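Here's the structure, in C-alpha cells; my notes come after.
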Amino acid sequence: MIPYTYLLKHIPTNKYYYGVRFSKKCKPEDFWKTYFTSSKKIKGLIKKYGKKSFIFEIRKIFKTTNQARNWEHKVLKRMKVISRDDFLNQSDNKQIDPRVQSKHSKGKNNPRYGVKLSKEQKEKISKSLQKWNKNPNNVHPMLGKKHSKKTIDLFKKINKGKNNPRYGAKITLEHKIKLIAGRNKYYAERSK
C-alpha cells in the first residue's frame with residue numbers, strides 16, 4: 001500500500017478535484033488506469049466526456065493512511081474548496097473514516113460530531129437547497145430506477161434492530177403531527 005493524494009482537472013469545464021487514495025493495494029501507478037476516484041461527480045463526467053477529458057497529477061506520497069487523509073483535509077480546508085465553484089469537491093473529507101463509514105454512529109462516535117460549518121459553507125448549502133426547492137422539475141436521482149435485490153438485502157441487514165439509527169426512538173403524537181404538517185407544506189410549495 002502506497003497512500004497518495006492527487007489533483008484532477010476536467011478540461012471541458014475547467015474544474016478541479018483533489019483527492020486521496022489509501023486502499024490496501026493502492027499505488028500511484030494505478031491511478032487513472034484501474035482507479036478513477038470514488039467521486040460520483042467525476043464518474044458522471046467520465047461517462048459524459050470520457051477519461052481523456054481529464055489531466056491529473058499525483059501530488060504527494062505517504063507512508064500511512066492517516067498521513068494521507070490528514071494532508072488531504074489540510075489542503076482542501078486551506079484552499080476552501082467547499083465554497084469554490086472551480087472545485088468539484090463537496091466536502092473537506094475529514095468526516096470520512098473507513099472504520100466507521102459503514103456504521104450508523106451517534107453522538108461522540110459520529111465522525112462529524114463537533115464539526116462546525118463555516119458561514120460560507122452554510123450559505124452555499126442554503127442557496128443550493130433553495131434553488132432545488134424552487135425548481136419543480138427537480139427529480140430524485142433514483143426516480144424510475146430500482147435497487148437490486150442484493151442492495152435491498154444489504155440495506156435491510158445494516159439497518160436492522162440495534163444497527164438502525166432510529167432503534168428505540170419513540171415519536172410523540174405531537175412530533176408525528178409536526179412531521180406530517182412539514183411534509184404537506186413541502187409538497188404544497190413544490191406544486192406551486
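Residues in the C-alpha cells are numbered from 1 in each chain, the chains being A, B, ... in the order shown, and ligands are numbered from 1 in the order shown.
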Tell me, as a VMD selection string, which residues lie within 10 Å of Pro28 in chain A, counting only C-alpha atoms; anything in the same chain fewer than 3 positions away does not count.
chain A and resid 1 to 6 21 31 to 33 35 57 to 61
Keeping N, CA and C atoms for every residue in the selection just given, could you write it to a file as a JSON list (two decimals), in the first residue's frame?
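Below is the file part_15.json, written as the result:
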[["chain", "number", "residue", "atom", "x", "y", "z"],
["A", 1, "MET", "N", 0.84, -1.20, 0.00],
["A", 1, "MET", "CA", 0.00, 0.00, 0.00],
["A", 1, "MET", "C", 0.88, 1.25, 0.00],
["A", 2, "ILE", "N", 0.59, 2.14, -0.95],
["A", 2, "ILE", "CA", 1.29, 3.42, -1.01],
["A", 2, "ILE", "C", 0.23, 4.52, -1.09],
["A", 3, "PRO", "N", -0.21, 5.07, 0.05],
["A", 3, "PRO", "CA", -1.23, 6.13, 0.02],
["A", 3, "PRO", "C", -0.71, 7.37, -0.71],
["A", 4, "TYR", "N", -1.62, 8.07, -1.39],
["A", 4, "TYR", "CA", -1.20, 9.27, -2.12],
["A", 4, "TYR", "C", -2.36, 10.23, -2.31],
["A", 5, "THR", "N", -2.03, 11.46, -2.61],
["A", 5, "THR", "CA", -3.04, 12.45, -2.98],
["A", 5, "THR", "C", -2.83, 12.80, -4.44],
["A", 6, "TYR", "N", -3.91, 13.26, -5.07],
["A", 6, "TYR", "CA", -3.85, 13.57, -6.50],
["A", 6, "TYR", "C", -4.71, 14.79, -6.81],
["A", 21, "ARG", "N", -6.04, 8.55, -1.98],
["A", 21, "ARG", "CA", -6.24, 7.10, -2.20],
["A", 21, "ARG", "C", -5.44, 6.37, -1.14],
["A", 31, "PHE", "N", -3.37, 4.88, -10.72],
["A", 31, "PHE", "CA", -4.32, 5.98, -10.87],
["A", 31, "PHE", "C", -4.60, 6.27, -12.34],
["A", 32, "TRP", "N", -5.86, 6.36, -12.63],
["A", 32, "TRP", "CA", -6.43, 6.62, -13.95],
["A", 32, "TRP", "C", -6.21, 5.46, -14.92],
["A", 33, "LYS", "N", -5.77, 4.32, -14.38],
["A", 33, "LYS", "CA", -5.69, 3.09, -15.17],
["A", 33, "LYS", "C", -6.73, 2.10, -14.65],
["A", 35, "TYR", "N", -8.06, 2.85, -11.20],
["A", 35, "TYR", "CA", -8.79, 3.62, -10.19],
["A", 35, "TYR", "C", -9.09, 5.00, -10.73],
["A", 57, "GLU", "N", -2.41, 14.77, -11.80],
["A", 57, "GLU", "CA", -1.06, 14.80, -11.24],
["A", 57, "GLU", "C", -1.09, 14.15, -9.87],
["A", 58, "ILE", "N", -0.16, 13.24, -9.62],
["A", 58, "ILE", "CA", -0.01, 12.69, -8.27],
["A", 58, "ILE", "C", 0.73, 13.75, -7.47],
["A", 59, "ARG", "N", 0.10, 14.22, -6.40],
["A", 59, "ARG", "CA", 0.66, 15.38, -5.68],
["A", 59, "ARG", "C", 1.65, 15.00, -4.59],
["A", 60, "LYS", "N", 1.32, 13.94, -3.84],
["A", 60, "LYS", "CA", 2.18, 13.61, -2.69],
["A", 60, "LYS", "C", 1.99, 12.14, -2.32],
["A", 61, "ILE", "N", 3.07, 11.50, -1.91],
["A", 61, "ILE", "CA", 3.04, 10.09, -1.48],
["A", 61, "ILE", "C", 3.31, 10.03, 0.02]]
Excluding range 11-19 of chain A and its own-chain neighbours fewer than 2 positions away, which residues fall within 12 Å of it when counting only C-alpha atoms? Please give them as number ranges by chain.
A: 3-9, 21-22, 31, 35-43, 45-46, 48-60, 68-77, 79-82, 84-94
To one decimal place in Å, what is the distance between CA of Lys170 in chain A and CA of Arg183 in chain A?
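Between CA of Lys170 in chain A and CA of Arg183 in chain A the gap is 19.1 Å.
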Work out how far apart CA of Ile125 in chain A and CA of Lys146 in chain A are and give it in Å to one decimal.
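The value is 28.0 Å.
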